[in-house]
>>> print(open('work-v6.cif').read())   # mmCIF, C-alpha atoms
data_entry
loop_
_atom_site.label_atom_id
_atom_site.label_comp_id
_atom_site.auth_asym_id
_atom_site.auth_seq_id
_atom_site.Cartn_x
_atom_site.Cartn_y
_atom_site.Cartn_z
CA MET A 1 40.48 -142.52 147.30
CA GLY A 2 40.81 -138.74 147.49
CA GLU A 3 43.15 -136.92 149.84
CA LEU A 4 40.33 -135.73 152.12
CA GLN A 5 38.35 -138.97 152.31
CA GLY A 6 37.88 -139.83 156.00
CA LYS A 7 38.63 -136.27 157.15
CA GLU A 8 36.10 -134.69 159.52
CA LEU A 9 34.85 -131.13 158.99
CA GLU A 10 32.41 -128.89 160.83
CA LEU A 11 29.77 -127.81 158.31
CA ASP A 12 26.77 -125.49 158.27
CA VAL A 13 23.88 -127.25 156.56
CA THR A 14 21.84 -124.89 154.39
CA ASN A 15 19.13 -126.75 152.48
CA ILE A 16 17.70 -130.11 151.44
CA ALA A 17 18.49 -132.00 148.23
CA HIS A 18 16.78 -134.84 146.40
CA GLY A 19 17.59 -138.27 147.80
CA GLY A 20 17.28 -137.52 151.51
CA ILE A 21 20.56 -135.64 151.84
CA SER A 22 21.27 -132.08 152.95
CA VAL A 23 23.57 -129.50 151.40
CA ALA A 24 26.55 -127.73 152.97
CA ARG A 25 29.54 -125.85 151.56
CA HIS A 26 33.22 -125.82 152.43
CA ASP A 27 35.57 -123.33 150.76
CA GLY A 28 32.95 -122.90 148.02
CA ARG A 29 32.62 -126.66 147.47
CA VAL A 30 29.16 -128.25 147.63
CA ILE A 31 29.04 -131.15 150.08
CA PHE A 32 26.06 -133.49 150.28
CA VAL A 33 25.65 -134.52 153.91
CA SER A 34 23.50 -137.40 155.14
CA ASP A 35 21.71 -137.56 158.51
CA ALA A 36 21.64 -133.76 158.85
CA ILE A 37 18.85 -131.16 158.78
CA PRO A 38 18.99 -127.73 157.12
CA GLY A 39 19.89 -125.14 159.75
CA GLU A 40 22.20 -127.45 161.71
CA ARG A 41 25.92 -127.34 162.27
CA VAL A 42 27.38 -130.84 162.18
CA LEU A 43 30.68 -132.63 162.32
CA ALA A 44 30.77 -134.69 159.13
CA ARG A 45 33.17 -137.28 157.75
CA ILE A 46 34.07 -136.98 154.07
CA THR A 47 33.22 -140.22 152.24
CA GLU A 48 33.78 -139.10 148.65
CA ASP A 49 35.92 -136.24 147.34
CA SER A 50 36.70 -137.44 143.83
CA LYS A 51 33.99 -135.40 142.10
CA LYS A 52 34.90 -131.93 140.86
CA SER A 53 31.40 -130.56 141.37
CA PHE A 54 30.61 -131.97 144.83
CA TRP A 55 31.74 -134.13 147.73
CA ARG A 56 29.77 -136.47 149.99
CA ALA A 57 29.90 -136.72 153.77
CA GLU A 58 28.17 -138.44 156.69
CA THR A 59 27.21 -136.79 159.95
CA VAL A 60 29.13 -138.19 162.90
CA LYS A 61 28.06 -135.59 165.48
CA VAL A 62 25.46 -132.83 165.69
CA VAL A 63 27.10 -129.65 166.98
CA THR A 64 24.08 -127.34 166.81
CA PRO A 65 20.84 -129.29 166.37
CA SER A 66 17.79 -128.13 164.46
CA GLU A 67 14.63 -127.43 166.41
CA HIS A 68 13.10 -130.14 164.22
CA ARG A 69 15.54 -132.87 165.28
CA GLN A 70 14.09 -135.70 167.35
CA MET A 71 15.37 -138.97 168.75
CA HIS A 72 15.52 -141.32 165.78
CA VAL A 73 12.48 -143.59 165.53
CA TRP A 74 14.85 -146.49 164.79
CA SER A 75 17.83 -146.77 167.10
CA SER A 76 19.63 -148.91 164.52
CA ALA A 77 19.71 -145.90 162.16
CA SER A 78 20.61 -143.27 164.75
CA VAL A 79 23.46 -140.78 164.34
CA ALA A 80 24.75 -142.20 167.63
CA ARG A 81 25.95 -145.18 165.61
CA ASP A 82 28.98 -145.13 163.36
CA PRO A 83 27.75 -144.36 159.81
CA GLU A 84 28.94 -147.76 158.57
CA ASN A 85 26.64 -149.49 161.05
CA ARG A 86 23.49 -147.44 160.52
CA ALA A 87 20.55 -149.31 159.04
CA GLY A 88 19.20 -147.86 155.83
CA GLY A 89 15.60 -147.21 154.94
CA ALA A 90 14.70 -144.55 157.50
CA GLU A 91 16.91 -141.63 156.50
CA PHE A 92 14.43 -139.00 157.78
CA GLY A 93 13.71 -140.76 161.07
CA HIS A 94 15.62 -138.12 163.04
CA ILE A 95 13.32 -135.32 161.77
CA GLU A 96 9.99 -134.34 163.31
CA LEU A 97 7.23 -135.70 161.07
CA SER A 98 5.61 -132.45 159.96
CA HIS A 99 9.02 -131.03 159.03
CA GLN A 100 9.80 -134.15 157.00
CA ARG A 101 6.76 -133.29 154.90
CA GLU A 102 7.87 -129.70 154.52
CA LEU A 103 11.30 -130.83 153.29
CA LYS A 104 9.65 -133.22 150.83
CA ARG A 105 7.46 -130.36 149.61
CA GLN A 106 10.54 -128.22 149.08
CA VAL A 107 12.21 -130.95 147.01
CA LEU A 108 9.08 -131.41 144.88
CA VAL A 109 8.65 -127.67 144.26
CA ASP A 110 12.36 -127.20 143.53
CA SER A 111 12.35 -130.16 141.14
CA MET A 112 9.41 -128.69 139.22
CA LYS A 113 11.21 -125.36 138.97
CA ARG A 114 14.62 -126.73 137.96
CA PHE A 115 13.72 -129.67 135.73
CA ALA A 116 10.30 -128.71 134.34
CA GLY A 117 10.47 -124.93 134.41
CA VAL A 118 7.18 -124.84 136.31
CA GLU A 119 6.74 -122.05 138.87
CA THR A 120 2.96 -121.65 138.74
CA PRO A 121 0.80 -121.82 141.89
CA VAL A 122 -0.15 -125.34 140.80
CA ALA A 123 3.36 -126.41 141.78
CA SER A 124 4.40 -123.88 144.40
CA ASP A 125 1.24 -124.20 146.52
CA VAL A 126 1.36 -127.98 146.79
CA THR A 127 1.41 -129.59 150.25
CA VAL A 128 2.46 -133.09 151.25
CA GLU A 129 -0.48 -134.80 152.91
CA GLY A 130 -0.05 -137.38 155.63
CA LEU A 131 -1.94 -140.68 155.58
CA PRO A 132 -3.97 -142.17 158.43
CA GLY A 133 -1.95 -144.15 160.92
CA SER A 134 0.13 -143.70 164.06
CA ASP A 135 0.91 -140.17 165.24
CA ASP A 136 4.66 -140.79 165.04
CA GLY A 137 4.68 -142.21 161.50
CA THR A 138 5.66 -145.76 162.44
CA GLY A 139 3.88 -149.09 161.97
CA TRP A 140 2.75 -148.54 158.36
CA ARG A 141 4.92 -150.80 156.25
CA THR A 142 3.21 -154.02 155.09
CA ARG A 143 6.14 -155.27 153.03
CA VAL A 144 9.75 -155.56 154.16
CA ARG A 145 12.74 -157.13 152.41
CA LEU A 146 15.61 -158.35 154.58
CA HIS A 147 18.89 -159.13 152.85
CA VAL A 148 21.01 -162.08 153.93
CA ASP A 149 24.75 -161.95 154.65
CA GLU A 150 27.27 -164.74 154.12
CA SER A 151 26.54 -166.27 157.52
CA GLY A 152 22.81 -166.43 156.72
CA ARG A 153 21.87 -163.54 159.00
CA PRO A 154 19.00 -161.38 157.70
CA GLY A 155 18.74 -157.62 158.05
CA PRO A 156 18.49 -154.35 156.16
CA TYR A 157 21.40 -152.97 154.22
CA ALA A 158 23.47 -150.26 155.83
CA ALA A 159 22.64 -146.84 154.46
CA ARG A 160 24.13 -146.37 150.98
CA SER A 161 25.82 -149.81 150.96
CA HIS A 162 25.15 -153.52 150.48
CA ARG A 163 26.38 -154.55 153.92
CA VAL A 164 23.76 -156.33 156.02
CA ILE A 165 23.09 -154.84 159.46
CA ALA A 166 21.73 -156.96 162.30
CA VAL A 167 18.69 -155.34 163.92
CA THR A 168 16.30 -156.28 166.69
CA GLU A 169 13.29 -154.25 165.54
CA LEU A 170 11.59 -152.88 162.43
CA PRO A 171 9.61 -149.88 163.71
CA LEU A 172 8.31 -148.76 160.32
CA ALA A 173 6.66 -152.15 159.79
CA THR A 174 3.18 -153.11 160.90
CA ALA A 175 2.81 -155.11 164.09
CA ALA A 176 2.08 -158.29 162.11
CA VAL A 177 5.19 -157.86 159.96
CA GLN A 178 7.36 -157.16 163.00
CA GLU A 179 6.04 -160.26 164.73
CA ALA A 180 6.69 -162.45 161.67
CA ALA A 181 10.13 -161.02 160.88
CA PRO A 182 12.80 -163.70 161.45
CA LEU A 183 15.45 -161.34 162.80
CA ALA A 184 17.19 -164.04 164.85
CA ALA A 185 16.97 -166.81 162.23
CA ARG A 186 19.56 -167.94 159.68
CA PHE A 187 19.02 -168.39 155.94
CA VAL A 188 22.36 -169.65 154.68
CA GLY A 189 22.60 -169.59 150.90
CA GLU A 190 19.65 -167.25 150.38
CA GLU A 191 19.87 -163.69 149.07
CA HIS A 192 16.85 -162.20 150.79
CA VAL A 193 13.74 -162.84 152.85
CA ASP A 194 10.48 -160.91 152.39
CA ILE A 195 7.77 -160.42 154.99
CA VAL A 196 4.39 -159.55 153.48
CA GLU A 197 1.15 -158.70 155.24
CA ALA A 198 -1.97 -158.89 153.07
CA ALA A 199 -5.34 -157.40 153.94
CA THR A 200 -6.62 -160.94 154.44
CA GLY A 201 -4.53 -163.85 155.70
CA GLY A 202 -2.05 -162.05 157.93
CA ALA A 203 1.73 -161.85 157.49
CA ARG A 204 3.86 -164.46 155.71
CA LEU A 205 7.51 -165.18 154.94
CA ILE A 206 8.77 -165.49 151.38
CA VAL A 207 12.25 -167.01 151.37
CA GLY A 208 14.42 -166.31 148.34
CA LYS A 209 12.83 -167.38 145.07
CA GLN A 210 10.05 -169.28 146.76
CA LYS A 211 7.11 -170.18 144.50
CA PRO A 212 4.50 -167.37 144.57
CA SER A 213 1.08 -167.85 146.04
CA THR A 214 -2.04 -165.71 145.69
CA ILE A 215 -3.08 -163.11 148.24
CA THR A 216 -6.01 -160.71 148.46
CA GLU A 217 -5.80 -156.97 149.08
CA VAL A 218 -8.82 -154.78 149.79
CA VAL A 219 -9.46 -151.19 148.74
CA GLY A 220 -12.77 -149.86 150.01
CA ASP A 221 -15.26 -152.59 149.22
CA ARG A 222 -13.23 -153.96 146.30
CA GLU A 223 -10.85 -156.94 146.39
CA PHE A 224 -7.67 -157.31 144.33
CA ARG A 225 -5.95 -160.63 143.82
CA LEU A 226 -2.20 -160.72 143.21
CA ALA A 227 0.92 -162.81 143.77
CA ASP A 228 2.51 -162.42 147.18
CA THR A 229 5.77 -161.72 145.34
CA GLY A 230 4.14 -159.07 143.15
CA PHE A 231 3.98 -155.32 143.53
CA TRP A 232 1.52 -153.64 145.86
CA GLN A 233 1.75 -150.34 147.69
CA VAL A 234 3.55 -150.82 151.01
CA HIS A 235 1.70 -148.32 153.23
CA THR A 236 -1.46 -149.72 154.74
CA HIS A 237 -3.48 -146.77 153.39
CA ALA A 238 -1.56 -146.09 150.18
CA ALA A 239 -3.76 -147.99 147.73
CA GLN A 240 -6.91 -146.22 148.93
CA THR A 241 -5.12 -142.85 148.96
CA LEU A 242 -3.93 -143.22 145.37
CA THR A 243 -7.31 -144.53 144.23
CA THR A 244 -8.98 -141.39 145.54
CA ALA A 245 -6.17 -139.12 144.30
CA VAL A 246 -6.38 -140.47 140.74
CA GLN A 247 -10.17 -140.22 140.73
CA ASP A 248 -9.87 -136.59 141.84
CA ALA A 249 -7.09 -135.84 139.34
CA VAL A 250 -9.17 -136.80 136.30
CA ASP A 251 -11.04 -133.78 134.92
CA PRO A 252 -14.58 -135.12 134.34
CA GLU A 253 -15.23 -132.53 131.65
CA LEU A 254 -12.38 -133.99 129.61
CA PHE A 255 -13.13 -137.64 130.35
CA ASP A 256 -14.82 -139.74 127.67
CA PRO A 257 -15.78 -143.22 128.91
CA LYS A 258 -15.97 -144.46 125.29
CA ALA A 259 -12.48 -143.25 124.38
CA HIS A 260 -9.38 -145.45 124.18
CA ASN A 261 -8.41 -144.76 127.81
CA LEU A 262 -5.16 -146.27 129.07
CA ASP A 263 -3.60 -147.29 132.38
CA LEU A 264 0.14 -147.64 131.72
CA TYR A 265 2.41 -149.61 134.07
CA GLY A 266 -0.91 -150.88 135.39
CA GLY A 267 0.20 -153.70 137.70
CA VAL A 268 -2.80 -155.70 138.86
CA GLY A 269 -5.29 -153.03 137.81
CA LEU A 270 -5.58 -150.77 140.87
CA LEU A 271 -5.71 -147.45 139.01
CA ALA A 272 -7.71 -148.76 136.06
CA ALA A 273 -10.30 -149.87 138.61
CA ALA A 274 -10.16 -146.42 140.22
CA VAL A 275 -11.00 -144.77 136.90
CA ALA A 276 -13.73 -147.29 136.05
CA ASP A 277 -15.30 -146.96 139.50
CA ARG A 278 -15.32 -143.18 139.12
CA PHE A 279 -16.93 -143.12 135.66
CA GLY A 280 -19.08 -146.23 135.55
CA SER A 281 -19.23 -149.83 134.41
CA GLY A 282 -19.23 -148.89 130.72
CA THR A 283 -15.83 -147.21 130.93
CA LYS A 284 -13.38 -148.44 128.32
CA ILE A 285 -9.83 -148.69 129.64
CA THR A 286 -6.82 -150.87 128.85
CA SER A 287 -4.28 -151.65 131.56
CA VAL A 288 -0.75 -152.29 130.21
CA GLU A 289 1.89 -154.09 132.27
CA SER A 290 5.11 -155.92 131.35
CA ASP A 291 4.75 -158.60 134.04
CA ALA A 292 2.55 -161.35 132.62
CA THR A 293 1.59 -162.64 136.05
CA ALA A 294 0.38 -159.20 137.11
CA THR A 295 -1.51 -158.80 133.82
CA GLY A 296 -3.28 -162.09 134.43
CA PHE A 297 -4.44 -160.87 137.82
CA ALA A 298 -5.42 -157.50 136.33
CA ALA A 299 -7.69 -159.22 133.81
CA ARG A 300 -9.50 -160.96 136.67
CA ASN A 301 -9.56 -157.89 138.91
CA LEU A 302 -11.11 -155.82 136.09
CA ALA A 303 -13.51 -158.49 134.86
CA GLU A 304 -16.68 -156.78 136.04
CA TRP A 305 -16.12 -153.79 133.73
CA ILE A 306 -17.17 -154.83 130.25
CA GLY A 307 -14.94 -152.20 128.63
CA ALA A 308 -11.82 -152.98 130.65
CA GLU A 309 -9.01 -155.22 129.48
CA ALA A 310 -5.42 -156.00 130.41
CA ALA A 311 -2.49 -156.25 127.98
CA THR A 312 0.99 -157.64 128.57
CA GLY A 313 3.86 -155.65 127.13
CA ARG A 314 6.69 -153.27 127.84
CA VAL A 315 5.03 -149.87 127.85
CA GLU A 316 7.55 -148.17 125.55
CA ARG A 317 7.09 -150.87 122.90
CA TRP A 318 3.36 -151.36 123.37
CA ILE A 319 2.45 -147.71 123.04
CA ALA A 320 4.82 -147.15 120.12
CA GLN A 321 3.17 -150.04 118.31
CA LEU A 322 -0.26 -148.61 119.15
CA ALA A 323 0.73 -145.26 117.65
CA ALA A 324 2.13 -146.92 114.53
CA SER A 325 -0.91 -149.13 113.89
CA ALA A 326 -3.75 -146.74 114.82
CA ASN A 327 -6.18 -145.88 112.01
CA ALA A 328 -8.19 -142.66 111.80
CA HIS A 329 -10.98 -144.02 114.04
CA ASP A 330 -8.47 -145.23 116.64
CA ARG A 331 -6.68 -141.90 116.63
CA ALA A 332 -9.92 -140.04 117.23
CA ARG A 333 -10.63 -142.26 120.26
CA LEU A 334 -7.08 -141.71 121.51
CA ARG A 335 -7.36 -137.93 121.15
CA SER A 336 -10.35 -137.97 123.49
CA ALA A 337 -8.67 -140.41 125.89
CA THR A 338 -7.41 -140.08 129.43
CA ILE A 339 -4.06 -141.78 130.02
CA VAL A 340 -3.04 -142.74 133.55
CA LEU A 341 0.56 -143.78 134.08
CA ASP A 342 2.41 -144.93 137.17
CA PRO A 343 5.97 -145.59 135.96
CA PRO A 344 8.89 -146.94 138.00
CA ARG A 345 11.13 -144.63 139.99
CA SER A 346 13.16 -143.71 136.90
CA GLY A 347 10.06 -142.17 135.30
CA ALA A 348 8.43 -142.69 131.94
CA GLY A 349 11.30 -141.18 129.98
CA LYS A 350 11.64 -139.47 126.62
CA GLN A 351 10.53 -142.37 124.42
CA VAL A 352 7.27 -143.02 126.28
CA VAL A 353 6.50 -139.31 126.63
CA GLN A 354 7.09 -138.84 122.91
CA SER A 355 4.74 -141.72 122.07
CA ILE A 356 2.02 -140.46 124.42
CA GLY A 357 2.40 -136.94 123.09
CA GLY A 358 2.02 -138.25 119.55
CA LEU A 359 -1.33 -139.79 120.48
CA GLN A 360 -2.51 -136.37 121.72
CA PRO A 361 -4.82 -137.58 124.53
CA ALA A 362 -7.13 -135.05 126.17
CA GLN A 363 -5.44 -135.42 129.57
CA ILE A 364 -2.72 -137.35 131.36
CA VAL A 365 -2.71 -138.34 135.03
CA TYR A 366 0.84 -139.12 136.12
CA VAL A 367 1.50 -140.94 139.43
CA ALA A 368 5.12 -140.56 140.49
CA CYS A 369 7.30 -141.79 143.32
CA ASP A 370 10.29 -139.64 142.32
CA PRO A 371 9.96 -135.84 142.09
CA VAL A 372 12.94 -135.32 139.77
CA ALA A 373 11.79 -138.00 137.31
CA LEU A 374 8.29 -136.52 137.40
CA ALA A 375 9.58 -133.00 136.78
CA ARG A 376 11.74 -134.09 133.85
CA ASP A 377 8.77 -135.83 132.26
CA VAL A 378 6.49 -132.84 132.92
CA GLY A 379 9.05 -130.75 131.05
CA LEU A 380 9.03 -133.22 128.17
CA PHE A 381 5.23 -133.20 128.06
CA ALA A 382 5.29 -129.39 128.01
CA GLU A 383 7.35 -129.53 124.82
CA ARG A 384 4.55 -131.63 123.33
CA GLY A 385 1.72 -129.27 124.23
CA TYR A 386 0.70 -130.33 127.76
CA ASP A 387 0.40 -128.03 130.77
CA LEU A 388 0.49 -129.01 134.42
CA THR A 389 -3.01 -128.18 135.67
CA ALA A 390 -3.10 -129.98 139.03
CA LEU A 391 -0.58 -131.44 141.47
CA SER A 392 -1.03 -133.24 144.78
CA ALA A 393 1.48 -135.01 147.01
CA PHE A 394 1.28 -137.66 149.71
CA ASP A 395 3.57 -138.97 152.44
CA LEU A 396 3.31 -142.65 151.55
CA PHE A 397 6.72 -143.37 153.11
CA PRO A 398 7.11 -141.62 156.50
CA HIS A 399 10.66 -141.37 157.87
CA THR A 400 12.15 -141.80 154.39
CA HIS A 401 12.84 -139.12 151.78
CA HIS A 402 10.32 -140.60 149.34
CA VAL A 403 7.21 -138.68 148.36
CA GLU A 404 4.37 -139.69 146.03
CA ALA A 405 2.87 -137.11 143.66
CA VAL A 406 -0.12 -137.15 141.33
CA ALA A 407 -0.02 -134.66 138.45
CA THR A 408 -2.68 -133.78 135.87
CA LEU A 409 -1.46 -132.64 132.45
CA THR A 410 -3.94 -131.17 129.99
CA ARG A 411 -3.54 -130.67 126.26
CA ARG A 412 -3.37 -127.02 125.24
#
>>> encode(input="work-v6.cif", output="structure tokens")
Amino acid sequence: MGELQGKELELDVTNIAHGGISVARHDGRVIFVSDAIPGERVLARITEDSKKSFWRAETVKVVTPSEHRQMHVWSSASVARDPENRAGGAEFGHIELSHQRELKRQVLVDSMKRFAGVETPVASDVTVEGLPGSDDGTGWRTRVRLHVDESGRPGPYAARSHRVIAVTELPLATAAVQEAAPLAARFVGEEHVDIVEAATGGARLIVGKQKPSTITEVVGDREFRLADTGFWQVHTHAAQTLTTAVQDAVDPELFDPKAHNLDLYGGVGLLAAAVADRFGSGTKITSVESDATATGFAARNLAEWIGAEAATGRVERWIAQLAASANAHDRARLRSATIVLDPPRSGAGKQVVQSIGGLQPAQIVYVACDPVALARDVGLFAERGYDLTALSAFDLFPHTHHVEAVATLTRR
């Protein structure tokens, strides 16, 4: 513990940083402050002062509030509570919704500038689009995980900790999820409880490592089958939004339906289906996913497209093997291909980018849930001859710092 840990300082907050925290300075020292808004003066408690380059602090009182501050949409996460007892998962809930999107835009643009070296209008003119739903940005979450403490009580973790907080409401969740959430129950011996609402069948509880069952999600007039424990976008309108965004991001002049098109980190086939729907039933596309259960569902979800298939494998290994084994004909089909990838929050990374770059596809459509990871990978792709030619962003997670982006990269 540093000498200043626990000390309270009045700080002027100047700008936003990645991760939902704001930036202040004290005697030239950078301090990352949670639960504050750029332009505010706050009383903050130092929680970490061991780093030479920066400290961390938590707002305990707002001295001069921003014009964009509102009453927190979740009282359990409000600055009125002691920081140790604030529920996590709604770190922007004290900020007016349109300003949340502006802050997310700033983080995305700054990330592109700092980590990718991109300052073109493609990046700087991006806006963060809201999704359909309630005017206050609540009631959108179809999947919620509650952690369980030693007494069996379920709840969210406190912000930036693994301590379970008892709550009486889940305002970001849909009405069905809120109704099904067992906030007053006990689950002694379990680690977590999930509440999942599918497009058909309503909301259900999944306790611990309960055996999965199959659910159905709907995007437009298309159905997707998946395990209730599997991955699906959590916002009620996210799957449709990303389907349309990916379809729009593909340059039709560069798309070859007969090429060796790929959907990497493909899950149950949502984005492969988006591409195939956009370009017709004869589209050839392979969806690659490490989870065998998801791949099995993807094969069924893509069955109507004769050229679509699903492969199980870790993307970094699968694509490296593809590059190593491709003959001249395969390489020609890969050079005319479109590759869609939707990696985890950590991004695709150097190895995958290097393998994709070696295949030299005509275009890459990158779906990202982390702006810094996206920017780093855009920079890596630039080193391999790909320029950022389109960028869009969406507020798939209102009242959190998360932002979803869809980038198009085109071979020079």
>>> closest_residue(input="work-v6.cif", among="A:Phe32, A:Phe381, A:Trp305, A:Tyr157", to="His192 in chain A", atoms="all atoms listed in the file")
A:Tyr157
>>> atom_distance(input="work-v6.cif", atom1="CA of Leu11 in chain A", atom2="CA of Lys51 in chain A")
18.4 Å
>>> closest_atom_pairs(input="work-v6.cif", of="range 231-326 of chain A", to="range 355-366 of chain A", cutoff="8 Å", atoms="all atoms listed in the file", output="tab-separated table")
residue	atom	partner	partner_atom	distance
A:Val246	CA	A:Val365	CA	7.1
A:Ala249	CA	A:Val365	CA	6.6
A:Val250	CA	A:Val365	CA	6.8
A:Asp251	CA	A:Gln363	CA	7.9
A:Leu254	CA	A:Ala362	CA	6.4
A:Phe255	CA	A:Ala362	CA	7.8
A:Glu316	CA	A:Ser355	CA	7.8
A:Ile319	CA	A:Ser355	CA	6.5
A:Ala320	CA	A:Ser355	CA	5.8
A:Ala323	CA	A:Leu359	CA	6.5
>>> residues_around(input="work-v6.cif", residues="Ser50 in chain A", least_positions_apart="3", cutoff="12 Å", atoms="only C-alpha atoms", output="PyMOL selection string")
chain A and resi 1-5+31+46-47+53-56
>>> atom_distance(input="work-v6.cif", atom1="CA of Ser336 in chain A", atom2="CA of Leu262 in chain A")
11.3 Å
>>> residues_around(input="work-v6.cif", residues="Val275 in chain A", least_positions_apart="4", cutoff="12 Å", atoms="only C-alpha atoms", output="MDAnalysis selection string")
chainID A and resid 242:252 255:257 261:263 266 269:271 279:287 302 305 307:308 338:341 365
>>> residues_around(input="work-v6.cif", residues="Ala17 in chain A", least_positions_apart="2", cutoff="9 Å", atoms="only C-alpha atoms", output="count of residues only")
10
>>> decode(input="work-v6.cif", residues="range 82-97 of chain A", atoms="N, CA and C atoms", output="compact mmCIF listing (two decimals), in the first residue's frame")
# COMPACT_ATOMS: atom_id res chain seq x y z
N ASP A 82 -20.90 4.36 -0.96
CA ASP A 82 -19.45 4.21 -0.82
C ASP A 82 -18.93 3.40 -2.01
N PRO A 83 -17.79 3.78 -2.58
CA PRO A 83 -17.28 3.06 -3.76
C PRO A 83 -17.21 1.55 -3.59
N GLU A 84 -16.93 1.07 -2.39
CA GLU A 84 -16.81 -0.37 -2.19
C GLU A 84 -18.15 -1.08 -2.32
N ASN A 85 -19.24 -0.33 -2.22
CA ASN A 85 -20.57 -0.94 -2.27
C ASN A 85 -21.34 -0.58 -3.54
N ARG A 86 -20.66 -0.05 -4.53
CA ARG A 86 -21.31 0.28 -5.79
C ARG A 86 -21.30 -0.92 -6.71
N ALA A 87 -22.46 -1.25 -7.25
CA ALA A 87 -22.54 -2.35 -8.20
C ALA A 87 -21.81 -1.99 -9.48
N GLY A 88 -21.13 -2.96 -10.06
CA GLY A 88 -20.45 -2.75 -11.32
C GLY A 88 -21.35 -3.07 -12.49
N GLY A 89 -20.92 -2.64 -13.67
CA GLY A 89 -21.66 -2.98 -14.87
C GLY A 89 -22.50 -1.86 -15.43
N ALA A 90 -22.43 -0.67 -14.82
CA ALA A 90 -23.17 0.48 -15.33
C ALA A 90 -22.37 1.75 -15.05
N GLU A 91 -21.10 1.72 -15.43
CA GLU A 91 -20.17 2.77 -15.04
C GLU A 91 -20.42 4.12 -15.72
N PHE A 92 -21.29 4.16 -16.75
CA PHE A 92 -21.67 5.43 -17.37
C PHE A 92 -23.10 5.83 -17.04
N GLY A 93 -23.71 5.15 -16.08
CA GLY A 93 -25.12 5.39 -15.79
C GLY A 93 -25.43 6.75 -15.21
N HIS A 94 -24.39 7.48 -14.78
CA HIS A 94 -24.58 8.83 -14.24
C HIS A 94 -24.44 9.90 -15.31
N ILE A 95 -24.26 9.50 -16.58
CA ILE A 95 -24.02 10.43 -17.68
C ILE A 95 -25.22 10.41 -18.63
N GLU A 96 -25.65 11.60 -19.03
CA GLU A 96 -26.76 11.69 -19.99
C GLU A 96 -26.42 10.88 -21.24
N LEU A 97 -27.41 10.19 -21.80
CA LEU A 97 -27.16 9.15 -22.80
C LEU A 97 -26.43 9.66 -24.04
